[in-house]
Structures are given as C-alpha cells and as structure tokens.
$ cat coords29.cif   # mmCIF, C-alpha atoms
data_upload
#
loop_
_atom_site.label_atom_id
_atom_site.label_comp_id
_atom_site.auth_asym_id
_atom_site.auth_seq_id
_atom_site.Cartn_x
_atom_site.Cartn_y
_atom_site.Cartn_z
CA MET A 1 71.87 -87.84 46.00
CA ASP A 2 68.43 -88.53 47.50
CA GLU A 3 67.71 -84.80 47.95
CA GLN A 4 68.04 -84.05 44.16
CA ARG A 5 65.35 -86.54 42.96
CA PRO A 6 62.31 -84.50 44.12
CA SER A 7 63.77 -81.47 42.47
CA ARG A 8 64.12 -83.24 39.10
CA SER A 9 60.65 -84.70 39.37
CA ASN A 10 59.08 -81.29 40.05
CA GLY A 11 60.91 -79.69 37.16
CA TRP A 12 59.75 -82.40 34.79
CA LEU A 13 56.13 -81.87 35.86
CA ARG A 14 56.32 -78.14 35.39
CA ALA A 15 57.72 -78.55 31.89
CA LEU A 16 54.96 -80.99 30.99
CA VAL A 17 52.20 -78.63 32.19
CA THR A 18 53.73 -75.74 30.32
CA THR A 19 53.88 -77.77 27.14
CA LEU A 20 50.25 -78.84 27.42
CA VAL A 21 49.03 -75.26 28.04
CA LEU A 22 50.91 -73.87 25.09
CA GLY A 23 49.71 -76.70 22.94
CA ALA A 24 46.13 -76.07 23.92
CA ILE A 25 46.39 -72.37 23.16
CA PHE A 26 48.16 -72.91 19.87
CA GLY A 27 45.83 -75.71 18.91
CA GLY A 28 42.78 -73.60 19.75
CA GLY A 29 44.03 -70.87 17.48
CA LEU A 30 44.47 -73.37 14.72
CA PHE A 31 41.02 -74.66 15.26
CA VAL A 32 39.58 -71.19 14.95
CA LEU A 33 41.57 -70.34 11.85
CA GLN A 34 40.91 -73.66 10.09
CA PRO A 35 37.72 -73.31 8.08
CA ASN A 36 36.90 -77.06 8.20
CA HIS A 37 37.81 -77.73 11.80
CA GLY A 38 34.83 -78.28 14.07
CA TRP A 39 36.38 -78.62 17.42
CA PRO A 40 36.89 -77.18 19.97
CA PHE A 41 35.43 -73.85 18.73
CA PRO A 42 32.56 -73.44 16.23
CA GLN A 43 33.41 -72.39 12.70
CA ALA A 44 33.10 -68.62 11.92
CA LYS A 45 30.11 -67.72 9.68
CA LYS A 46 30.76 -66.58 6.17
CA ASN A 47 29.80 -63.04 5.08
CA SER A 48 27.26 -64.52 2.69
CA ASP A 49 25.30 -65.87 5.67
CA ALA A 50 25.03 -62.38 7.34
CA ALA A 51 21.65 -60.48 7.40
CA PRO A 52 21.14 -58.26 4.33
CA SER A 53 21.56 -54.46 4.94
CA SER A 54 18.25 -52.44 5.23
CA LYS A 55 17.28 -49.86 2.54
CA PRO A 56 17.32 -46.18 3.78
CA ALA A 57 13.87 -44.85 4.69
CA ALA A 58 12.25 -42.28 2.40
CA ILE A 59 12.00 -38.76 3.82
CA PRO A 60 8.46 -37.30 3.72
CA VAL A 61 8.34 -33.88 2.04
CA THR A 62 5.76 -31.59 0.46
CA VAL A 63 6.16 -30.93 -3.25
CA ALA A 64 4.61 -28.67 -5.87
CA LYS A 65 5.12 -27.93 -9.54
CA ALA A 66 6.85 -24.92 -11.00
CA SER A 67 4.31 -23.01 -13.08
CA THR A 68 3.98 -20.12 -15.48
CA ARG A 69 2.02 -16.99 -14.61
CA ASP A 70 1.97 -13.21 -14.97
CA LEU A 71 3.55 -11.35 -12.06
CA ARG A 72 2.33 -7.86 -11.24
CA ILE A 73 5.27 -5.53 -10.60
CA GLU A 74 4.12 -3.33 -7.75
CA ARG A 75 5.68 -0.85 -5.37
CA SER A 76 4.06 -0.09 -2.04
CA GLY A 77 4.31 2.55 0.64
CA LEU A 78 2.48 3.81 3.68
CA GLY A 79 -0.01 6.51 2.72
CA THR A 80 -2.52 8.93 4.21
CA VAL A 81 -6.03 9.52 2.94
CA ILE A 82 -6.61 13.21 2.16
CA SER A 83 -9.60 15.12 0.87
CA LEU A 84 -9.35 16.83 -2.49
CA ASN A 85 -11.24 19.79 -0.99
CA ALA A 86 -11.71 20.65 2.67
CA ILE A 87 -12.85 24.13 3.70
CA ASP A 88 -13.92 26.01 6.78
CA VAL A 89 -17.08 27.94 5.93
CA LYS A 90 -16.60 31.50 7.20
CA PHE A 91 -19.12 34.33 7.57
CA ARG A 92 -18.95 37.17 5.05
CA ALA A 93 -21.49 39.45 6.70
CA ASP A 94 -22.04 40.78 10.22
CA GLY A 95 -25.23 40.16 12.13
CA GLN A 96 -27.21 37.82 14.30
CA LEU A 97 -27.37 34.17 13.25
CA GLN A 98 -31.06 33.42 12.89
CA THR A 99 -31.18 29.81 11.68
CA ILE A 100 -28.87 26.85 10.94
CA GLY A 101 -29.94 24.73 8.00
CA PHE A 102 -27.69 21.65 8.15
CA LYS A 103 -27.18 18.62 10.37
CA GLU A 104 -23.78 17.75 11.70
CA GLY A 105 -22.12 14.75 10.09
CA ARG A 106 -24.46 14.75 7.08
CA ASP A 107 -23.75 15.27 3.42
CA VAL A 108 -24.48 18.64 1.86
CA GLN A 109 -24.55 19.67 -1.78
CA ALA A 110 -23.00 22.75 -3.30
CA GLY A 111 -25.48 25.63 -2.90
CA ASP A 112 -27.36 24.17 0.07
CA VAL A 113 -28.33 26.77 2.68
CA LEU A 114 -26.26 26.27 5.79
CA ALA A 115 -27.33 29.28 7.87
CA GLN A 116 -29.23 32.59 7.73
CA ILE A 117 -28.00 35.88 9.18
CA ASP A 118 -30.51 38.66 9.93
CA PRO A 119 -30.86 40.35 6.52
CA ARG A 120 -32.80 43.49 7.54
CA PRO A 121 -29.86 45.88 7.92
CA TYR A 122 -28.62 44.91 4.45
CA GLN A 123 -32.09 45.22 2.95
CA ALA A 124 -32.29 48.79 4.30
CA GLN A 125 -28.86 49.57 2.87
CA LEU A 126 -29.96 48.28 -0.51
CA ALA A 127 -33.09 50.41 -0.44
CA GLN A 128 -31.02 53.48 0.42
CA SER A 129 -28.64 52.84 -2.46
CA GLU A 130 -31.54 52.40 -4.87
CA ALA A 131 -33.10 55.71 -3.70
CA ALA A 132 -29.81 57.54 -4.29
CA TYR A 133 -29.69 56.05 -7.75
CA GLN A 134 -33.15 57.27 -8.59
CA LYS A 135 -32.31 60.77 -7.32
CA ASP A 136 -29.17 61.00 -9.42
CA GLN A 137 -31.06 59.58 -12.40
CA ALA A 138 -33.52 62.44 -12.18
CA SER A 139 -30.72 64.98 -11.88
CA LEU A 140 -29.01 63.45 -14.90
CA ASN A 141 -32.21 63.73 -16.95
CA ASN A 142 -32.52 67.41 -16.05
CA ALA A 143 -28.85 68.07 -16.86
CA ARG A 144 -29.26 66.48 -20.27
CA ALA A 145 -32.28 68.74 -20.97
CA ASP A 146 -30.25 71.82 -19.95
CA GLU A 147 -27.44 70.64 -22.22
CA ALA A 148 -29.81 70.34 -25.18
CA ARG A 149 -31.22 73.86 -24.65
CA ALA A 150 -27.75 75.38 -24.25
CA GLU A 151 -26.55 73.78 -27.48
CA LYS A 152 -29.64 75.05 -29.33
CA LEU A 153 -29.16 78.58 -28.11
CA GLY A 154 -25.46 78.47 -28.86
CA SER A 155 -26.02 77.27 -32.43
CA SER A 156 -28.48 80.18 -33.06
CA GLY A 157 -26.10 82.75 -31.57
CA ALA A 158 -28.39 83.52 -28.64
CA GLY A 159 -26.27 81.56 -26.17
CA THR A 160 -22.62 81.38 -25.16
CA ASN A 161 -20.16 78.56 -25.50
CA GLN A 162 -19.55 78.70 -21.75
CA ALA A 163 -23.17 77.84 -21.05
CA VAL A 164 -22.91 74.83 -23.37
CA GLU A 165 -19.75 73.59 -21.67
CA THR A 166 -21.30 74.03 -18.20
CA ALA A 167 -24.34 72.01 -19.22
CA ARG A 168 -22.14 69.23 -20.59
CA ALA A 169 -20.14 69.16 -17.34
CA GLN A 170 -23.32 68.74 -15.31
CA VAL A 171 -24.33 65.81 -17.45
CA ALA A 172 -20.93 64.17 -16.86
CA VAL A 173 -21.17 64.77 -13.07
CA PHE A 174 -24.57 63.15 -12.74
CA THR A 175 -23.56 60.29 -15.04
CA ALA A 176 -20.65 59.52 -12.74
CA ALA A 177 -22.87 59.83 -9.68
CA LEU A 178 -25.32 57.41 -11.23
CA ALA A 179 -22.53 54.90 -11.85
CA GLY A 180 -21.48 55.22 -8.19
CA ASP A 181 -25.05 54.67 -7.10
CA GLN A 182 -25.21 51.52 -9.22
CA ALA A 183 -22.04 50.22 -7.61
CA ALA A 184 -23.50 50.89 -4.18
CA ILE A 185 -26.61 48.96 -5.19
CA ASP A 186 -24.50 46.01 -6.36
CA ALA A 187 -22.50 46.01 -3.11
CA ALA A 188 -25.68 46.15 -1.05
CA LYS A 189 -27.14 43.23 -2.99
CA LEU A 190 -23.94 41.25 -2.47
CA ASN A 191 -23.93 41.91 1.26
CA LEU A 192 -27.57 40.93 1.41
CA GLU A 193 -26.71 37.71 -0.41
CA PHE A 194 -23.94 37.02 2.12
CA THR A 195 -26.53 36.90 4.88
CA THR A 196 -27.56 33.52 3.45
CA VAL A 197 -24.64 31.18 4.05
CA LYS A 198 -24.45 28.48 1.37
CA ALA A 199 -22.25 25.42 0.94
CA PRO A 200 -19.51 26.23 -1.59
CA ILE A 201 -18.75 22.54 -2.30
CA ALA A 202 -20.42 19.17 -1.90
CA GLY A 203 -19.13 17.11 1.01
CA ARG A 204 -19.66 15.99 4.55
CA ALA A 205 -20.43 18.61 7.18
CA GLY A 206 -18.52 18.42 10.41
CA MET A 207 -19.55 19.80 13.78
CA ARG A 208 -20.93 23.31 13.88
CA GLN A 209 -18.81 25.89 15.63
CA VAL A 210 -21.49 28.51 16.47
CA ASP A 211 -25.06 28.32 17.70
CA GLU A 212 -28.25 30.00 16.59
CA GLY A 213 -28.70 33.49 18.03
CA ALA A 214 -24.98 34.26 18.16
CA VAL A 215 -23.77 37.54 16.69
CA VAL A 216 -21.20 36.79 14.02
CA HIS A 217 -18.77 38.94 12.10
CA ALA A 218 -16.90 38.62 8.85
CA SER A 219 -13.67 39.13 10.77
CA ASP A 220 -14.27 36.14 13.11
CA SER A 221 -11.51 33.52 13.07
CA THR A 222 -14.04 30.80 13.84
CA GLY A 223 -16.25 29.74 10.99
CA LEU A 224 -19.62 28.08 10.84
CA VAL A 225 -18.63 24.51 9.94
CA SER A 226 -16.03 22.52 8.05
CA ILE A 227 -17.02 20.69 4.86
CA THR A 228 -14.86 17.85 3.61
CA GLN A 229 -15.19 16.37 0.15
CA MET A 230 -15.49 12.60 0.50
CA SER A 231 -15.98 11.49 -3.08
CA PRO A 232 -13.71 11.37 -4.97
CA ILE A 233 -10.88 11.26 -2.47
CA ALA A 234 -7.10 10.98 -2.61
CA VAL A 235 -4.27 9.04 -0.99
CA ARG A 236 -0.84 10.60 -0.62
CA PHE A 237 2.15 8.28 -0.22
CA SER A 238 5.89 8.16 -0.94
CA LEU A 239 8.24 5.78 -2.74
CA PRO A 240 12.05 5.65 -2.97
CA GLN A 241 13.63 7.76 -5.67
CA ASP A 242 14.95 4.57 -7.34
CA ASP A 243 11.38 3.80 -8.43
CA LEU A 244 10.93 7.18 -10.11
CA PRO A 245 12.12 6.17 -13.64
CA ALA A 246 9.68 3.25 -13.75
CA LEU A 247 6.86 5.46 -12.49
CA VAL A 248 7.48 8.18 -15.06
CA ALA A 249 7.80 5.63 -17.87
CA GLY A 250 4.63 3.87 -16.80
CA GLN A 251 2.64 7.09 -16.51
CA ALA A 252 3.76 8.07 -20.01
CA GLN A 253 1.98 4.93 -21.29
CA GLY A 254 -1.27 5.69 -19.46
CA ASP A 255 -2.85 5.83 -16.04
CA LEU A 256 -1.09 3.66 -13.44
CA ALA A 257 -3.42 1.59 -11.27
CA VAL A 258 -3.17 2.06 -7.51
CA ALA A 259 -4.73 -0.22 -4.89
CA VAL A 260 -5.01 0.53 -1.19
CA ASP A 261 -5.32 -1.92 1.67
CA SER A 262 -5.81 -1.47 5.38
CA ARG A 263 -2.67 -0.62 7.28
CA ASP A 264 -2.30 -4.20 8.57
CA GLY A 265 -2.91 -5.59 5.08
CA SER A 266 -5.93 -7.63 6.15
CA ARG A 267 -8.51 -5.87 3.94
CA HIS A 268 -8.50 -4.50 0.42
CA LEU A 269 -10.17 -1.10 0.46
CA ALA A 270 -10.27 0.56 -2.95
CA ASP A 271 -8.82 0.81 -6.44
CA GLY A 272 -7.92 4.04 -8.21
CA LYS A 273 -5.28 5.61 -10.40
CA LEU A 274 -2.11 7.60 -9.93
CA GLU A 275 -2.85 11.29 -10.42
CA VAL A 276 0.29 13.21 -9.45
CA ILE A 277 4.04 12.55 -9.24
CA ASP A 278 5.64 15.35 -7.26
CA SER A 279 7.99 17.68 -9.14
CA GLN A 280 10.88 17.17 -6.73
CA ILE A 281 12.45 14.56 -4.46
CA ASP A 282 12.69 15.15 -0.74
CA VAL A 283 16.43 15.62 -0.18
CA ALA A 284 16.12 14.65 3.49
CA THR A 285 14.54 11.24 2.86
CA GLY A 286 15.27 10.45 -0.79
CA MET A 287 11.57 9.82 -1.36
CA VAL A 288 9.21 11.14 -4.02
CA ARG A 289 5.61 11.99 -3.10
CA LEU A 290 2.70 10.59 -5.07
CA LYS A 291 -1.05 11.20 -5.05
CA ALA A 292 -3.67 8.74 -6.23
CA VAL A 293 -7.40 9.42 -6.65
CA PHE A 294 -10.23 7.00 -5.80
CA PRO A 295 -14.00 7.24 -6.47
CA ASN A 296 -14.82 6.31 -2.84
CA ASP A 297 -18.54 6.01 -3.52
CA ALA A 298 -18.86 3.47 -0.70
CA ARG A 299 -16.99 5.76 1.72
CA VAL A 300 -14.41 3.11 2.61
CA LEU A 301 -11.65 5.72 2.72
CA TRP A 302 -11.73 8.43 5.38
CA PRO A 303 -9.59 11.56 5.55
CA GLY A 304 -6.62 11.09 7.85
CA GLU A 305 -6.71 7.28 7.63
CA LEU A 306 -3.40 5.42 7.29
CA VAL A 307 -3.38 2.88 4.47
CA ASP A 308 -0.96 0.75 2.46
CA ALA A 309 -0.84 1.97 -1.14
CA ARG A 310 0.36 -0.24 -4.02
CA VAL A 311 1.05 1.19 -7.47
CA LEU A 312 1.26 -1.17 -10.45
CA ILE A 313 4.21 -0.15 -12.62
CA GLY A 314 4.27 -3.17 -14.94
CA VAL A 315 3.57 -6.89 -15.50
CA ASP A 316 6.14 -9.65 -15.95
CA HIS A 317 4.34 -11.92 -18.42
CA ASP A 318 4.77 -15.72 -18.52
CA ALA A 319 7.25 -15.92 -15.67
CA THR A 320 8.33 -19.32 -14.29
CA VAL A 321 7.43 -19.24 -10.61
CA VAL A 322 7.56 -21.47 -7.53
CA PRO A 323 6.20 -20.93 -4.03
CA SER A 324 8.70 -18.77 -2.17
CA ALA A 325 9.08 -21.44 0.53
CA ALA A 326 10.81 -23.70 -2.01
CA VAL A 327 13.75 -21.33 -2.52
CA GLN A 328 16.68 -22.00 -0.19
CA ASN A 329 19.79 -19.88 0.35
CA GLY A 330 23.22 -21.42 0.57
CA GLN A 331 26.84 -20.32 0.50
CA ASP A 332 26.84 -20.41 -3.30
CA GLY A 333 23.51 -18.63 -3.71
CA SER A 334 19.87 -19.65 -4.07
CA TYR A 335 18.82 -23.20 -4.92
CA VAL A 336 15.79 -25.50 -4.93
CA PHE A 337 15.42 -29.27 -4.53
CA VAL A 338 14.09 -30.79 -7.75
CA VAL A 339 12.36 -34.19 -7.59
CA ARG A 340 13.76 -36.81 -9.96
CA PRO A 341 11.65 -39.60 -11.52
CA ASP A 342 13.16 -42.15 -9.08
CA LYS A 343 11.89 -40.10 -6.11
CA THR A 344 15.30 -38.74 -5.23
CA VAL A 345 16.17 -35.07 -5.12
CA SER A 346 18.80 -32.88 -6.68
CA ALA A 347 19.83 -29.41 -5.47
CA VAL A 348 19.62 -27.06 -8.45
CA ALA A 349 21.07 -23.54 -8.38
CA VAL A 350 18.60 -20.87 -9.51
CA ASN A 351 18.55 -17.16 -10.23
CA THR A 352 15.57 -15.51 -8.58
CA GLY A 353 13.52 -12.55 -9.75
CA LEU A 354 10.46 -10.85 -8.31
CA THR A 355 8.56 -12.17 -5.31
CA VAL A 356 4.83 -11.45 -5.52
CA ASP A 357 2.00 -12.83 -3.38
CA GLY A 358 4.06 -15.72 -2.05
CA TYR A 359 5.55 -16.76 -5.41
CA THR A 360 9.12 -16.16 -6.58
CA ALA A 361 10.12 -15.92 -10.23
CA LEU A 362 13.01 -18.15 -11.31
CA LEU A 363 15.10 -16.71 -14.11
CA SER A 364 17.11 -19.90 -14.65
CA GLY A 365 17.63 -23.42 -13.31
CA VAL A 366 14.04 -24.73 -13.25
CA SER A 367 11.45 -25.13 -16.00
CA SER A 368 7.69 -24.94 -15.71
CA GLY A 369 6.17 -28.30 -14.75
CA GLN A 370 9.10 -29.63 -12.74
CA ASP A 371 8.39 -30.98 -9.26
CA ILE A 372 10.14 -29.07 -6.51
CA VAL A 373 10.26 -29.54 -2.72
CA LEU A 374 8.29 -27.08 -0.60
CA ASP A 375 9.22 -28.13 2.94
CA GLY A 376 11.39 -30.60 4.78
CA GLN A 377 14.53 -29.36 3.02
CA SER A 378 16.55 -29.40 6.25
CA ARG A 379 16.66 -33.23 6.14
CA LEU A 380 17.62 -33.49 2.49
CA THR A 381 20.94 -33.85 0.72
CA ARG A 382 21.79 -34.54 -2.89
CA GLY A 383 20.31 -37.89 -3.86
CA SER A 384 18.06 -38.26 -0.79
CA LEU A 385 15.11 -40.61 -1.26
CA ILE A 386 11.81 -38.87 -0.56
CA SER A 387 8.16 -39.69 -0.04
CA PRO A 388 6.47 -36.81 -1.87
CA ARG A 389 3.12 -35.45 -0.84
CA THR A 390 1.19 -32.35 -1.85
CA GLU A 391 -0.36 -29.82 0.50
CA THR A 392 -3.67 -31.66 0.02
CA GLY A 393 -2.10 -34.94 1.14
CA ASP A 394 -1.80 -36.66 -2.26
CA SER A 395 1.61 -38.38 -2.45
CA ASN A 396 1.18 -39.69 -5.98
CA LYS A 397 1.68 -36.52 -7.98
CA ALA A 398 2.77 -33.01 -7.05
CA GLN A 399 0.53 -30.15 -8.01
CA GLY A 400 1.65 -26.57 -8.55
CA PRO A 401 -0.04 -23.17 -8.76
CA SER A 402 -2.36 -22.66 -11.65
CA THR A 403 -1.10 -20.74 -14.63
#
$ encode --input "coords29.cif" --output "structure tokens"
Amino acid sequence: MDEQRPSRSNGWLRALVTTLVLGAIFGGGLFVLQPNHGWPFPQAKKNSDAAPSSKPAAIPVTVAKASTRDLRIERSGLGTVISLNAIDVKFRADGQLQTIGFKEGRDVQAGDVLAQIDPRPYQAQLAQSEAAYQKDQASLNNARADEARAEKLGSSGAGTNQAVETARAQVAVFTAALAGDQAAIDAAKLNLEFTTVKAPIAGRAGMRQVDEGAVVHASDSTGLVSITQMSPIAVRFSLPQDDLPALVAGQAQGDLAVAVDSRDGSRHLADGKLEVIDSQIDVATGMVRLKAVFPNDARVLWPGELVDARVLIGVDHDATVVPSAAVQNGQDGSYVFVVRPDKTVSAVAVNTGLTVDGYTALLSGVSSGQDIVLDGQSRLTRGSLISPRTETGDSNKAQGPST
C-alpha cells in the first residue's frame, strides 16, 4: 500500500502540468484572436492603420507630334558617270609630227589645233593636181575650138560629119579629164587639211600618246589624245522592272528630276533630269537601264565615278507622317504609342506607307497633331504613366516635324 502513493502523486502532478500548458496555449490563442484583449499578446493592427501604397513612377520617354507634309516618291540605284562624247583623236594623214598644240589635262574647244604634221608633201601634191587641171583646161579649150570649126565646115558642106563627131568626142574627153583633175585637187586639199589635227569636240584632253618628231600614219592604232566631254555629262543607272510603269507614266507628264549623291550618301553632288529609259529589260537581272543628264558646270561629276542616283517619280501630298523611330512592329502588325491627356499611353495599330528621309507615312490610326512616343517603347505597356520630353529636353509639350 505504501509503494502506490508516490505513483498516484506523480500522476496527479503530470496531469496538472499538462492542463496548465494546454490552458496557456489555448488562452494565448484566444488572446490573439480577441480584438479587445490586451494580454498577453499585443492586439493586431487594423488594415486602416497600414502605410498607404506608393504610386507607380512615371517612365521617361521622348515624344513628338504627328505632322502633315509632302513626301517625295523616289527610287534610287547605284549609277556610273559617263561622258556623252568621248573620242580618241586619230591621225588622218601620214608624216612627221612637227608640233603639239595642247596641254594635257586642259580643256579644249571644238576646232582648236591639237597638232601639226609636216604639210610639204601634201602641198606639192596639191600643186601637181592644179597643174594637171590647167593642162587639161587648155586642151579642152582647143578641143572646143576644133569642134566649132568642124561644125561650121560641116554645115557649109565643106566638112564631113565624121570630123564633127571626132571634135565633139575630144571635147567630152577633156571635159572628163578636167573633172578628174578637179577631184584630185579636192583630195589634195583635204589631205593637206588633215595635216593640221583639230579637236572635233569640246572637252578635256587626256594624256598625249605620241611625242613631237614622231612619224605618224593614218593606219596607226594609237591616236594623238583622248578628249572627253565633261559638260553636260550623264549618269547611267538601273532600277527594278517593277518601277517601270511609274517611270513611263511620270516621263509622259514631263521631265523627271534626278539627283545624285556620293556613293556613301554623305554629299549631294548634282541635279539633272531623266533623259533615256532603255527600250528593253535585262532578262538576266530584271532591271531596266536609265540615263540622266546633268549640266556639270562645276565639274563635280567625273567619268567613271560611282554615285547614288535618285529619280523623283511623284509626290505624296499632305501625308500624315511620324518619325520612323516611333513605328513599332508587333505580332499583329505595326503600331505606335499615342500619348493621352493624362500622360498615359495607348498602343494604336497603324497602316504605314512610304518612308522618306527618316519619316514614315501613316495611312490610318493616327491624326496630325497627336503626340506619339519616339523612344523608350520597350518599357511601355498599355496605360503606362510617362514623363514626356522632347528631343530638345522640354517635357511640357511634344513638338513634331514642321509641315
């Protein structure tokens, strides 16, 4: 009996401790859940006492205004400057080259003396032809006198018809000989003229190919010098065959303007007009060749130079345009971000037209005067709050291209 008392006492103590622990836990939970209970845990704060949520920050972007302007419809292609006339001056007479009358790399005019060949052999030939002419002229005069006497005698019955016919034949022979002599004189004069080499066209003389004192021949493959016409000058270039209808229609209305720039596009060189549209399309490339003519008074174009040629085939008047950087491409097509009055943005789908000089025409979706976003689009979504600024730094009002 005495051994069971400690066991009962220990069991009673364990039950009491268990009860107190559970009561403390349960009571603590009640204290937490009871809104007016202040012990042992502090009361939970109401939602109304929490810190207010912060407003989203505005995204800085550059904006501009859609505007109205005329867009030049142009087509461009790589071209080559060519001379309208370029010749190699050849010799037309044989002989020794006595003098050269031009300077290399200088301009010459049509008719300027370029060189002189020794004329003495041709002068002697001319004198010989003239002497033969005079001899046959005298013989012709005598034959005509014999013909007159024979006809007189024949009409009086003292002469024969045969004598008259013989006299007439002699006149015909010497008349023909005289004509041959005159032809020989003309040929001799022409050969003598060929001894003076003249410029057939105006242009720029190249480097001479023979020296003074050389014996030259009309059959030589090497000429005296090349002359290249520099003003006016032409540019030959090609465009795709798809542009041919617009080119033909434009040329039917008048001369089409053509502008040429340096090959890298850094400098504008000259303005001219389209002169020739080739009569056929190159079947190998599908391109049509064109030739434009330029005054080139300032000699900015040089034969053989590569240039970028632009032909104006029309003008799109009063087009609504935006800077090309504003146009974005998405899965559903092109769109731009339009700025709303509350400084939020909306993505508006647009149909685009021509792109000229950094501006793109919008056929629908945006009207002239609306503010559109130029950069920073990657951070925007529909309804994003923005801090607009222009390219000049003014964030109060967007400015667009001038009309």
$ closest_residue --input "coords29.cif" --among "A:Gly95, A:Pro200, A:Gly101, A:Pro295" --to "A:Ala214" --atoms "only C-alpha atoms"
A:Gly95
$ closest_residue --input "coords29.cif" --among "A:Ala143, A:Leu362, A:Leu192, A:Ala127" --to "A:Asp318" --atoms "only C-alpha atoms"
A:Leu362
$ closest_residue --input "coords29.cif" --among "A:Ile386, A:Ala177, A:Leu153, A:Met207" --to "A:Ala132" --atoms "all atoms listed in the file"
A:Ala177
$ residues_around --input "coords29.cif" --residues "stretch 55-64 of chain A" --least-positions-apart "5" --cutoff "6 Å" --atoms "all atoms listed in the file" --output "list in words"
Asp371, Ile372, Val373, Leu374, Asp375, Gly376, Leu385, Ile386, Ser387, Pro388, Arg389, Thr390, Ala398, Gln399 and Gly400 of chain A
$ write_last_selection --input "coords29.cif" --atoms "C-alpha atoms" --output "PDB file, in the frame of the given file"
ATOM      1  CA  ASP A 371       8.390 -30.980  -9.260  1.00  0.00           C
ATOM      2  CA  ILE A 372      10.140 -29.070  -6.510  1.00  0.00           C
ATOM      3  CA  VAL A 373      10.260 -29.540  -2.720  1.00  0.00           C
ATOM      4  CA  LEU A 374       8.290 -27.080  -0.600  1.00  0.00           C
ATOM      5  CA  ASP A 375       9.220 -28.130   2.940  1.00  0.00           C
ATOM      6  CA  GLY A 376      11.390 -30.600   4.780  1.00  0.00           C
ATOM      7  CA  LEU A 385      15.110 -40.610  -1.260  1.00  0.00           C
ATOM      8  CA  ILE A 386      11.810 -38.870  -0.560  1.00  0.00           C
ATOM      9  CA  SER A 387       8.160 -39.690  -0.040  1.00  0.00           C
ATOM     10  CA  PRO A 388       6.470 -36.810  -1.870  1.00  0.00           C
ATOM     11  CA  ARG A 389       3.120 -35.450  -0.840  1.00  0.00           C
ATOM     12  CA  THR A 390       1.190 -32.350  -1.850  1.00  0.00           C
ATOM     13  CA  ALA A 398       2.770 -33.010  -7.050  1.00  0.00           C
ATOM     14  CA  GLN A 399       0.530 -30.150  -8.010  1.00  0.00           C
ATOM     15  CA  GLY A 400       1.650 -26.570  -8.550  1.00  0.00           C
TER      16      GLY A 400
END
$ atom_distance --input "coords29.cif" --atom1 "atom CA of A:Met287" --atom2 "atom CA of A:Ala361"
27.3 Å
$ residues_near_point --input "coords29.cif" --point "(2.9, 8.0, -4.2)" --cutoff "9 Å" --atoms "all atoms listed in the file" --output "number ranges by chain"
A: 76-79, 235-239, 274, 276-278, 288-292, 309-311
$ atom_distance --input "coords29.cif" --atom1 "atom CA of A:Ala163" --atom2 "atom CA of A:Asp181"
27.1 Å
$ residues_around --input "coords29.cif" --residues "stretch 217-230 of chain A" --least-positions-apart "3" --cutoff "6 Å" --atoms "all atoms listed in the file" --output "list in words"
Ser83, Asn85, Ala86, Ile87, Asp88, Val89, Lys90, Phe91, Arg92, Ala93, Asp94, Gly203, Arg204, Ala205, Gly206, Arg208, Gln209, Val210 and Ile233 of chain A
$ residues_near_point --input "coords29.cif" --point "(-28.2, 49.3, -2.8)" --cutoff "8 Å" --atoms "only C-alpha atoms" --output "list of chain:residue names"
A:Gln125, A:Leu126, A:Ala127, A:Gln128, A:Ser129, A:Glu130, A:Asp181, A:Gln182, A:Ala183, A:Ala184, A:Ile185, A:Asp186, A:Ala187, A:Ala188, A:Lys189
$ resolve_selection --input "coords29.cif" --expression "the PyMOL selection byres ((chain A and resi 197-199) around 7)" --output "list in words"
Gln109, Ala110, Gly111, Asp112, Val113, Leu114, Ala115, Gln116, Phe194, Thr195, Thr196, Pro200 and Ile201 of chain A
$ atom_distance --input "coords29.cif" --atom1 "atom CA of A:Ala249" --atom2 "atom CA of A:Leu312"
12.0 Å
$ residues_around --input "coords29.cif" --residues "A:Ser67" --least-positions-apart "6" --cutoff "6 Å" --atoms "only C-alpha atoms" --output "ChimeraX atom specification"
/A:320-321,368-369
$ resolve_selection --input "coords29.cif" --expression "the PyMOL selection byres ((chain A and resi 270) around 10)" --output "JSON, numbers by chain"
{"A": [258, 259, 260, 261, 262, 267, 268, 269, 271, 272, 294, 295, 296, 297, 298, 299, 300, 301, 309]}
$ closest_residue --input "coords29.cif" --among "A:Gln377, A:Gln251, A:Gln370, A:Gln280" --to "A:Lys65" --atoms "only C-alpha atoms"
A:Gln370
$ resolve_selection --input "coords29.cif" --expression "the PyMOL selection byres ((chain A and resi 178) around 9)" --output "PDB file with C-alpha atoms, keeping the file's coordinate frame"
ATOM      1  CA  ALA A 132     -29.810  57.540  -4.290  1.00  0.00           C
ATOM      2  CA  TYR A 133     -29.690  56.050  -7.750  1.00  0.00           C
ATOM      3  CA  GLN A 134     -33.150  57.270  -8.590  1.00  0.00           C
ATOM      4  CA  LYS A 135     -32.310  60.770  -7.320  1.00  0.00           C
ATOM      5  CA  ASP A 136     -29.170  61.000  -9.420  1.00  0.00           C
ATOM      6  CA  GLN A 137     -31.060  59.580 -12.400  1.00  0.00           C
ATOM      7  CA  LEU A 140     -29.010  63.450 -14.900  1.00  0.00           C
ATOM      8  CA  VAL A 173     -21.170  64.770 -13.070  1.00  0.00           C
ATOM      9  CA  PHE A 174     -24.570  63.150 -12.740  1.00  0.00           C
ATOM     10  CA  THR A 175     -23.560  60.290 -15.040  1.00  0.00           C
ATOM     11  CA  ALA A 176     -20.650  59.520 -12.740  1.00  0.00           C
ATOM     12  CA  ALA A 177     -22.870  59.830  -9.680  1.00  0.00           C
ATOM     13  CA  ALA A 179     -22.530  54.900 -11.850  1.00  0.00           C
ATOM     14  CA  GLY A 180     -21.480  55.220  -8.190  1.00  0.00           C
ATOM     15  CA  ASP A 181     -25.050  54.670  -7.100  1.00  0.00           C
ATOM     16  CA  GLN A 182     -25.210  51.520  -9.220  1.00  0.00           C
ATOM     17  CA  ALA A 183     -22.040  50.220  -7.610  1.00  0.00           C
TER      18      ALA A 183
END
